[in-house]
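**Q** Right, I'll just put the structure down here and ask away after.
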Amino acid sequence: MPADTSGSITSGHLETYSYDDKITRQFLTATVVWGMVAFLVGLYVATELVIPSLSLGLEFLTFGRLRPLHTNAAIFAFAGNSIFAAIYYSTQRLLKTRMWSDTLSQLHFWGWQLIIVLAAVTLPLGITQSREYAELEWPIDLLIAVVWAGFFGVNFFMTLVVRRERHIYVAIWFYIATIITVAILHIFNNLVVPTGLLKSYSIYAGVQDAFMQWWYGHNAVAFFLTTPFLGLMYYFLPKAANRPIFSYKLSILHFWSLVFIYIWAGPHHLHYTALPEWASSLGMIFSIMLWMPSWGGMINGLLTLRGAWRKVTEDPVLKFFVVGITFYGMSTFEGPMLSVKAVNSLSHYTDWTIAHVHSGALGWNGFMTFGMIYWLLPRVFQTELYSKKLAEWHFWLGLIGILLYIIPIYGVGVYQGLLWFAMNDQGQLMYPNFIQTTENLAPFYTIRVLGGLCYVAGGVMLSINVWKTWAARPAVYEVPEYQAAPLSKGYVEHPVEESKLGQVLGVAKMLDVFTRLGWHRAWEGRPLYFSVWVAIAVIVASLFEIIPTFMIRSNVPTIASVQPYTPLEIAGRDIYVAEGCYNCHSQMIRPILAETIRYGEYSKAGEFVYDHPFQWGSRRIGPDLAREGGRQSSSWHVFHFRNPGEFIPGSIMPAYPHFETQELNLSTLPDRVKAAYYLGAPYSDEVLENSIEIAEAQAKQIAKDIADQNGPEGLENKKVVALIAYIQRLGVDLFKTPPTSAEDEAPTAANPDEVARTTEEGEAK
C-alpha cells in the first residue's frame with residue numbers, strides 16, 4: 001500500500017473510544033470550592049487594611065501570613081483547578097482520544113488537592129520561603145514537581161502520542177507551553193538548602209535571588225495565568241459562539257511571540273533597585289514588545305465573535321468571555337506601560353500594582369473561568385443549567401465588584417506615589433512621616449471591600465448554580481462512545497508549494513514560502529517535536545538573561561564592611577520571614593531623591609550577599625526598612641510590636657503581642673548557621689560550634705538594653721529579642737569600618753562585649 005497522505009486510515013478499521021469526564025467534573029467542583037476560599041480570604045485580608053484589629057492578636061490571622069494564603073489559593077487552587085478542568089475536557093476532544101491514563105488523572109487531581117491543603121495549613125503557621133508566589137517549603141515543592149511533571153505532564157504528553165487527530169489545534173500549543181515552562185520555572189526557582197523538614201534557604205542570595213524570583217514570578221503569571229487561559233479561550237470561545245477562530249496566522253504569531261518574549265520581561269519588576277541596569281532595561285524593552293502579540297490574541301478572540309454579537313446579549317457564557325478577553329487586553333496594555341521606568345518609578349511599591357494584578361485576576365482569569373464553568377455544567381452533569389438568570393446576575397454583580405475594587409485602588413496607587421515624592425520649594429518632603437501617606441487611605445480601602453463583597457456574592461450565586469445543576473444530574477451518567485481511525489504510520493506531510501513570484505531576489509521567494517506557514521503545519525503534525533522547540537525558545541531566552549547575571553562578578557560588587565548575620569540575627573530574620581513582613585515592608589531604597597531623603601543612602605547590591613532569600617518586597621503598606629537599624633531604641637520596637645495602632649495613631653500594622661510571650665527556640669540554630677556557611681557566609685569555627693551560646697549572649701545584652709530603656713524585663717528567651725536583633729542590624733554594615741582580621745568578622749561566645757558594643761553603636765546612630 002502506498003504511503004497515505006490523508007492522515008486518516010491505514011488498515012480500514014475504526015477504533016472505539018470514550019472520554020473521561022469524571023476528571024473534568026472533579027476539577028470543576030474543586031475550582032468552585034477553592035475559588036470561594038480564595039475570595040473569602042482575600043476579602044478578609046482586604047478588610048484587615050481597614051480594621052487592623054481584625055487579626056485579633058492571633059499570629060496566624062495577620063495580614064503578612066494570610067496574604068500569601070490568598071494569592072496561592074487564587075492562583076494555584078482556583079485558577080489551577082480551572083485550567084486543569086479546561087485541559088482535561090478539551091484535550092480529549094481535540095485529540096480524539098481518552099487521556100492516556102485514568103490513574104494518572106486521578107493521582108493528579110488528588111495530589112493537587114493535597115498540595116492546596118498543605119499550603120492552607122503551612123502558610124498561616126508561618127512555614128514559608130517568603131518569595132512571592134513561591135512561598136511553599138521544599139517538601140511541598142517536591143510534591144508539586146511530582147504531581148505537575150510526573151502525573152500531569154506524563155499523562156498529557158502520552159495522550160499526544162496516542163492521539164487520533166494528526167494536527168494539534170492552537171489550544172494544545174498553549175497547553176504544551178504551560179506544562180513545559182511552569183516545570184522549568186518551578187524547579188530552578190526553588191533550588192534550596194534544607195535545614196529541616198519545614199525550613200530551607202534559597203541557594204541564591206540578594207541580587208541573584210531577586211532576579212530568579214521575578215524571572216519565576218512574572219512568568220508564573222505568564223505561563224500559569226495567561227497561556228493556559230488563552231488555550232481555554234481558543235477552545236471554549238469558538239464552541240460557545242459556534243464560530244471558527246478568526247485567524248490561524250494570528251494564532252501562530254500570538255503563540256510564538258508570547259513564548260519567546262514573555263520570558264525576558266521579569267526584570268521590569270526591579271527597576272531602580274540594586275539589580276544591574278542592563279537587566280532591568282532589557283526587561284522593560286521586552287515588556288513593551290509584549291503589547292503587540294498580547295493584543296493580537298485579544299483581537300483574535302473578539303473578532304471570533306463577528307456575526308455573533310447578538311448572541312452575546314442573550315448568552316451569559318459569552319458575556320463572561322467577552323469581558324474576560326477585554327480585561328486581558330487592558331491588563332496586557334497596562335503591564336507594558338508599568339514597565340516603563342518613568343511610570344514604574346511612581347507606581348512601584350504602591351497599590352497601583354495591586355489594582356493591575358486584580359484587574360487581570362478577577363477580570364481575565366475569573367471571568368474566563370466563570371464562562372467556561374457555565375458552558376461545561378450542562379455538558380458534564382448531563383442536565384440543564386439550573387438558572388440562566390442567576391448566571392446573568394452573577395455576571396453583573398461580578399463586573400460591578402471588579403470596578404468597585406480596581407477603580408479606587410488605582411486612585412490610591414497614584415495618590416500614594418505622589419505623596420511619597422511630594423517636595424516643597426525648599427527641597428524637603430511635604431509628608432516626611434510615612435504614616436501621613438497611609439492614614440487617608442481607609443475610605444478607598446473600604447470601597448474595595450464593598451467591591452470584594454460583590455465579587456464574593458457572585459461566587460455564591462455560581463456555587464448555588466453548580467450545586468443545583470449537580471443535584472439534577474442523572475442517576476447514572478451516560479458514557480457516549482465515538483469512533484475514529486488511528487493515525488497512519490506512513491503519513492507524509494503535503495509539501496509546501498514553491499514560490500510563484502517572478503524575477504525577484506531569492507530571499508523574497510524564501511520569505512514568500514515561509515509566510516505560507518507550511519513549516520508550522522508540519523510541526524503541528526509532530527507535537528513532541530513542536531514541544532522541543534517550545535522548550536528551546538523558553539530556555540534560550542532565559543539563559544540570555546540568567547547567565548550574565550550570575551557570571552559577571554561586577555554585577556554584585558563586594559563591600560568589605562558587610563558581614564554575615566550573627567546567629568541570633570539569623571534566628572530573628574527567620575521570624576521576620578515567617579511573619580511575611582515582606583508583604584508590607586520593602587528593604588530596597590531606590591536612588592530617587594525623595595526616597596534617599598526619607599530613608600537614607602540608597603541600597604547597594606553588595607549589601608545583600610548573605611540574604612537567603614532576599615527581602616526586597618514589592619509593596620509598601622509600611623515604610624521601607626533597609627536602613628532601619630539603629631533608628632529606634634530596642635524598647636521602642638517592643639512597644640511597637642505590642643500594639644502599633646496605639647503606639648503610632650493611624651497605623652494599619654497588626655499587633656504582635658505574642659512576640660513577648662513565645663519562647664525563642666534555638667535548638668535548630670546550629671543547622672541554620674551551618675547552612676548559611678555552606679551558602680558562603682564566612683563564619684569561624686567557633687561560631688559554627690558555639691552558635692547557641694553566642695546567640696544567648698547577644699540576647700541577654702539586648703534584653704538588658706530593653707530593661708534599661710524602661711521596657712519590660714526578662715525577654716532574653718523571647719522571640720522579640722531575636723527579631724529586634726535582626727531589625728537593628730538592617731542597613732548598618734554599609735557605614736561600618738571594614739574588619740581588619742578574621743576575629744573581627746563576627747561576635748563569638750568568648751567575646752560577648754563585642755556583641756554589646758555592636759548593638760550600642762547601632763542604637764546610637
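Residues in the C-alpha cells are named by chain (A, B, ... in the order shown) and by number from 1 within that chain; ligands are numbered from 1 in the order shown.
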From a DSSP pass on the backbone, collect the residues of stretch 339-539 of chain A flagged as helix (DSSP H, G or I) and hand them back as number ranges by chain.
**A** A: 339, 341-347, 351-380, 388-421, 434-437, 442-471, 506-514, 518-524, 527-539
**Q** Write a file of the selected residues as a CSV table (one decimal), in the first residue's frame, keeping C-alpha atoms.
**A**
chain,number,residue,atom,x,y,z
A,339,SER,CA,7.3,48.5,32.9
A,341,LYS,CA,10.9,53.3,34.0
A,342,ALA,CA,9.3,56.7,34.3
A,343,VAL,CA,5.9,55.2,35.1
A,344,ASN,CA,7.4,52.5,37.3
A,345,SER,CA,9.2,55.0,39.5
A,346,LEU,CA,5.8,56.3,40.6
A,347,SER,CA,3.8,53.0,40.5
A,351,ASP,CA,-1.4,49.9,45.3
A,352,TRP,CA,-1.4,50.7,41.6
A,353,THR,CA,0.3,47.4,41.0
A,354,ILE,CA,-2.3,45.7,43.2
A,355,ALA,CA,-5.1,47.1,41.1
A,356,HIS,CA,-3.3,46.0,37.9
A,357,VAL,CA,-2.9,42.4,39.2
A,358,HIS,CA,-6.5,42.2,40.3
A,359,SER,CA,-7.9,43.5,37.0
A,360,GLY,CA,-6.2,40.6,35.4
A,361,ALA,CA,-7.0,38.0,38.1
A,362,LEU,CA,-10.6,39.0,38.7
A,363,GLY,CA,-11.4,40.1,35.1
A,364,TRP,CA,-9.4,37.9,32.8
A,365,ASN,CA,-8.8,34.7,34.9
A,366,GLY,CA,-12.0,34.9,36.9
A,367,PHE,CA,-14.5,35.7,34.1
A,368,MET,CA,-12.9,33.3,31.7
A,369,THR,CA,-13.2,30.6,34.3
A,370,PHE,CA,-16.8,31.5,35.1
A,371,GLY,CA,-17.8,31.4,31.4
A,372,MET,CA,-16.1,28.0,31.0
A,373,ILE,CA,-17.9,26.6,34.1
A,374,TYR,CA,-21.3,27.8,32.9
A,375,TRP,CA,-20.7,26.2,29.5
A,376,LEU,CA,-19.4,23.0,30.9
A,377,LEU,CA,-22.1,22.5,33.6
A,378,PRO,CA,-24.9,21.1,31.4
A,379,ARG,CA,-22.4,19.0,29.4
A,380,VAL,CA,-20.5,17.3,32.2
A,388,LYS,CA,-29.6,31.2,33.4
A,389,LYS,CA,-31.0,34.2,35.2
A,390,LEU,CA,-28.8,33.5,38.3
A,391,ALA,CA,-25.8,33.3,35.9
A,392,GLU,CA,-26.8,36.7,34.5
A,393,TRP,CA,-27.0,38.2,38.0
A,394,HIS,CA,-23.5,36.7,38.7
A,395,PHE,CA,-22.1,38.4,35.6
A,396,TRP,CA,-23.4,41.9,36.5
A,397,LEU,CA,-22.6,41.6,40.2
A,398,GLY,CA,-19.1,40.3,39.5
A,399,LEU,CA,-18.5,43.1,37.0
A,400,ILE,CA,-19.6,45.8,39.4
A,401,GLY,CA,-17.4,44.1,42.1
A,402,ILE,CA,-14.3,44.3,39.8
A,403,LEU,CA,-14.9,48.0,39.0
A,404,LEU,CA,-15.6,48.9,42.7
A,405,TYR,CA,-12.3,47.1,43.5
A,406,ILE,CA,-9.9,48.4,40.9
A,407,ILE,CA,-11.0,52.0,40.4
A,408,PRO,CA,-10.4,53.2,43.9
A,409,ILE,CA,-7.2,51.2,44.2
A,410,TYR,CA,-5.9,52.7,41.0
A,411,GLY,CA,-6.6,56.1,42.7
A,412,VAL,CA,-4.9,55.0,45.9
A,413,GLY,CA,-1.8,53.9,44.0
A,414,VAL,CA,-1.3,57.2,42.2
A,415,TYR,CA,-2.1,59.1,45.4
A,416,GLN,CA,0.5,57.1,47.3
A,417,GLY,CA,3.2,57.6,44.8
A,418,LEU,CA,2.5,61.4,44.6
A,419,LEU,CA,2.5,61.7,48.4
A,420,TRP,CA,5.8,59.8,48.7
A,421,PHE,CA,7.5,62.0,46.1
A,434,PHE,CA,5.2,57.7,56.4
A,435,ILE,CA,2.0,57.4,58.4
A,436,GLN,CA,0.9,60.7,56.7
A,437,THR,CA,0.8,58.9,53.4
A,442,ALA,CA,-9.1,53.9,54.6
A,443,PRO,CA,-12.1,55.3,52.6
A,444,PHE,CA,-10.6,53.8,49.4
A,445,TYR,CA,-9.9,50.5,51.1
A,446,THR,CA,-13.5,50.4,52.3
A,447,ILE,CA,-14.8,50.8,48.8
A,448,ARG,CA,-12.5,47.9,47.8
A,449,VAL,CA,-14.1,45.8,50.5
A,450,LEU,CA,-17.5,46.6,49.1
A,451,GLY,CA,-16.2,45.5,45.6
A,452,GLY,CA,-14.9,42.3,47.1
A,453,LEU,CA,-18.3,41.6,48.8
A,454,CYS,CA,-20.0,42.0,45.3
A,455,TYR,CA,-17.5,39.6,43.8
A,456,VAL,CA,-17.9,37.1,46.6
A,457,ALA,CA,-21.7,37.4,46.3
A,458,GLY,CA,-21.3,36.5,42.6
A,459,GLY,CA,-19.3,33.5,43.6
A,460,VAL,CA,-22.1,32.4,45.9
A,461,MET,CA,-24.5,32.6,43.0
A,462,LEU,CA,-22.2,30.4,41.0
A,463,SER,CA,-21.9,27.9,43.8
A,464,ILE,CA,-25.7,27.7,44.0
A,465,ASN,CA,-26.0,27.2,40.3
A,466,VAL,CA,-23.3,24.4,40.3
A,467,TRP,CA,-24.9,22.7,43.3
A,468,LYS,CA,-28.4,22.8,41.9
A,469,THR,CA,-27.3,21.6,38.5
A,470,TRP,CA,-25.3,18.8,40.1
A,471,ALA,CA,-28.4,17.8,42.1
A,506,GLY,CA,15.9,34.5,-3.7
A,507,VAL,CA,15.3,35.9,-0.2
A,508,ALA,CA,12.0,37.3,-1.3
A,509,LYS,CA,10.9,33.8,-2.6
A,510,MET,CA,12.1,32.2,0.7
A,511,LEU,CA,10.1,34.8,2.6
A,512,ASP,CA,7.0,34.1,0.4
A,513,VAL,CA,7.3,30.3,1.2
A,514,PHE,CA,7.9,31.0,4.9
A,518,GLY,CA,3.6,25.2,5.7
A,519,TRP,CA,6.5,24.6,8.1
A,520,HIS,CA,4.3,25.3,11.0
A,521,ARG,CA,1.6,23.0,9.7
A,522,ALA,CA,4.3,20.2,9.6
A,523,TRP,CA,5.2,21.0,13.2
A,524,GLU,CA,1.6,20.7,14.3
A,527,PRO,CA,3.7,17.6,18.7
A,528,LEU,CA,6.7,16.2,20.5
A,529,TYR,CA,9.0,17.9,18.0
A,530,PHE,CA,6.8,21.0,18.5
A,531,SER,CA,7.3,20.7,22.3
A,532,VAL,CA,11.1,20.6,21.9
A,533,TRP,CA,11.0,23.9,20.1
A,534,VAL,CA,8.9,25.4,22.8
A,535,ALA,CA,11.4,24.3,25.4
A,536,ILE,CA,14.3,25.6,23.3
A,537,ALA,CA,12.6,29.1,23.0
A,538,VAL,CA,12.0,29.3,26.7
A,539,ILE,CA,15.4,28.0,27.8
**Q** Taking 2 positions as the minimum chain separation for residues in the same chain, which residues sit within 9 Å of A:Gln208 when counting only C-alpha atoms? Answer as a list in words.
**A**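 Residues meeting the cut-off are Tyr204, Ala205, Gly206, Ala210, Phe211, Met212, Gln213, Leu275, Ile546, Thr549, Phe550, Val556 and Phe614 of chain A.
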**Q** Please identify all polymer residues within 10 Å of A:Tyr576, counting only C-alpha atoms, omitting same-chain residues fewer than 6 positions from it, and present them as a CSV table (one decimal) with N, CA, C and O atoms, in the first residue's frame.
**A**
chain,number,residue,atom,x,y,z
A,64,GLY,N,0.3,39.6,57.0
A,64,GLY,CA,1.5,39.0,56.5
A,64,GLY,C,1.4,37.5,56.2
A,64,GLY,O,2.1,37.0,55.3
A,126,GLY,N,3.1,30.2,59.3
A,126,GLY,CA,4.4,30.9,59.1
A,126,GLY,C,5.5,30.0,58.6
A,126,GLY,O,6.7,30.3,58.6
A,130,SER,N,8.9,32.8,51.9
A,130,SER,CA,8.7,34.3,51.8
A,130,SER,C,9.2,34.8,50.4
A,130,SER,O,9.8,35.9,50.3
A,570,ILE,N,20.3,35.6,62.6
A,570,ILE,CA,19.7,34.6,61.7
A,570,ILE,C,18.4,34.2,62.3
A,570,ILE,O,17.4,34.0,61.5
A,582,TYR,N,7.6,41.0,54.4
A,582,TYR,CA,7.9,41.5,53.0
A,582,TYR,C,6.6,41.9,52.3
A,582,TYR,O,6.6,42.6,51.3
A,615,GLN,N,14.8,40.0,50.6
A,615,GLN,CA,13.5,40.5,51.2
A,615,GLN,C,13.2,41.9,50.7
A,615,GLN,O,12.8,42.8,51.5
A,722,ALA,N,15.2,38.3,69.4
A,722,ALA,CA,15.8,37.9,68.1
A,722,ALA,C,15.4,38.8,67.0
A,722,ALA,O,16.2,39.2,66.1
A,723,LEU,N,14.1,39.1,66.9
A,723,LEU,CA,13.6,39.9,65.8
A,723,LEU,C,14.2,41.3,65.9
A,723,LEU,O,14.6,41.9,64.9
A,724,ILE,N,14.3,41.8,67.1
A,724,ILE,CA,14.9,43.1,67.3
A,724,ILE,C,16.4,43.1,66.9
A,724,ILE,O,16.9,44.0,66.3
A,726,TYR,N,17.7,41.4,64.6
A,726,TYR,CA,17.8,41.4,63.1
A,726,TYR,C,17.4,42.8,62.6
A,726,TYR,O,18.2,43.4,61.8
A,727,ILE,N,16.4,43.4,63.1
A,727,ILE,CA,16.0,44.8,62.7
A,727,ILE,C,17.1,45.8,63.0
A,727,ILE,O,17.3,46.7,62.1
**Q** Determine which residues of stretch 152-240 of chain A DSSP labels as strand (DSSP E) from the backbone of this structure, then write them out as a PDB file with N, CA and C atoms, in the first residue's frame.
**A**
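In the end it all went to out-v3.pdb:
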ATOM      1  N   VAL A 192      17.002  24.891  46.848  1.00  0.00           N
ATOM      2  CA  VAL A 192      17.233  25.347  48.219  1.00  0.00           C
ATOM      3  C   VAL A 192      18.167  24.388  48.950  1.00  0.00           C
ATOM      4  N   VAL A 193      18.640  24.846  50.108  1.00  0.00           N
ATOM      5  CA  VAL A 193      19.382  24.002  51.041  1.00  0.00           C
ATOM      6  C   VAL A 193      18.478  23.782  52.252  1.00  0.00           C
ATOM      7  N   PRO A 194      17.937  22.582  52.425  1.00  0.00           N
ATOM      8  CA  PRO A 194      17.058  22.337  53.573  1.00  0.00           C
ATOM      9  C   PRO A 194      17.847  22.286  54.882  1.00  0.00           C
ATOM     10  N   THR A 195      17.248  22.793  55.954  1.00  0.00           N
ATOM     11  CA  THR A 195      17.831  22.646  57.291  1.00  0.00           C
ATOM     12  C   THR A 195      16.906  21.855  58.198  1.00  0.00           C
ATOM     13  N   GLY A 196      15.867  21.309  57.645  1.00  0.00           N
ATOM     14  CA  GLY A 196      14.886  20.531  58.384  1.00  0.00           C
ATOM     15  C   GLY A 196      13.686  20.310  57.494  1.00  0.00           C
ATOM     16  N   LYS A 199      12.029  23.934  56.951  1.00  0.00           N
ATOM     17  CA  LYS A 199      12.838  25.137  56.782  1.00  0.00           C
ATOM     18  C   LYS A 199      13.912  24.903  55.735  1.00  0.00           C
ATOM     19  N   SER A 200      14.140  25.921  54.907  1.00  0.00           N
ATOM     20  CA  SER A 200      15.193  25.838  53.888  1.00  0.00           C
ATOM     21  C   SER A 200      15.653  27.245  53.554  1.00  0.00           C
ATOM     22  N   TYR A 201      16.791  27.331  52.879  1.00  0.00           N
ATOM     23  CA  TYR A 201      17.324  28.609  52.406  1.00  0.00           C
ATOM     24  C   TYR A 201      17.592  28.503  50.915  1.00  0.00           C
ATOM     25  N   SER A 202      17.189  29.523  50.188  1.00  0.00           N
ATOM     26  CA  SER A 202      17.441  29.563  48.750  1.00  0.00           C
ATOM     27  C   SER A 202      18.938  29.520  48.476  1.00  0.00           C
TER      28      SER A 202
END
**Q** Neighbours of A:Phe286 within 8 Å (only C-alpha atoms; same-chain residues fewer than 3 positions away dropped), as a PyMOL selection string?
**A** chain A and resi 261-262+264-265+282-283+289-290
**Q** If you measure from atom CA of A:Glu15 to atom CA of A:Ala485, what distance in Å do you get, rounded to one decimal?
**A**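 Separation between atom CA of A:Glu15 and atom CA of A:Ala485: 5.8 Å.
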**Q** Please indicate the distance in Å from atom CA of A:Met337 to atom CA of A:Phe260, rounded to one decimal place.
**A**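 Interatomic distance, atom CA of A:Met337 to atom CA of A:Phe260: 19.5 Å.
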**Q** What separation in Å, quoted to one decimal, exists between atom CA of A:Pro52 and atom CA of A:Phe39?
**A**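 Spanning atom CA of A:Pro52 to atom CA of A:Phe39 is a straight-line distance of 18.9 Å.
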**Q** Hey, which of A:Pro486, A:Lys719, A:Tyr133, A:Leu69 ends up closest to A:Val117? Count only C-alpha atoms.
**A**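 Closest residue, counting only C-alpha atoms: A:Leu69.
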**Q** I want to know what sits within 10 Å of A:Val322, based on only C-alpha atoms, with residues of the same chain fewer than 5 positions away left out; could you give that as a PyMOL selection string?
**A** chain A and resi 237+298+301-302+305+309+312+316-317+327-328+364+367-368+371
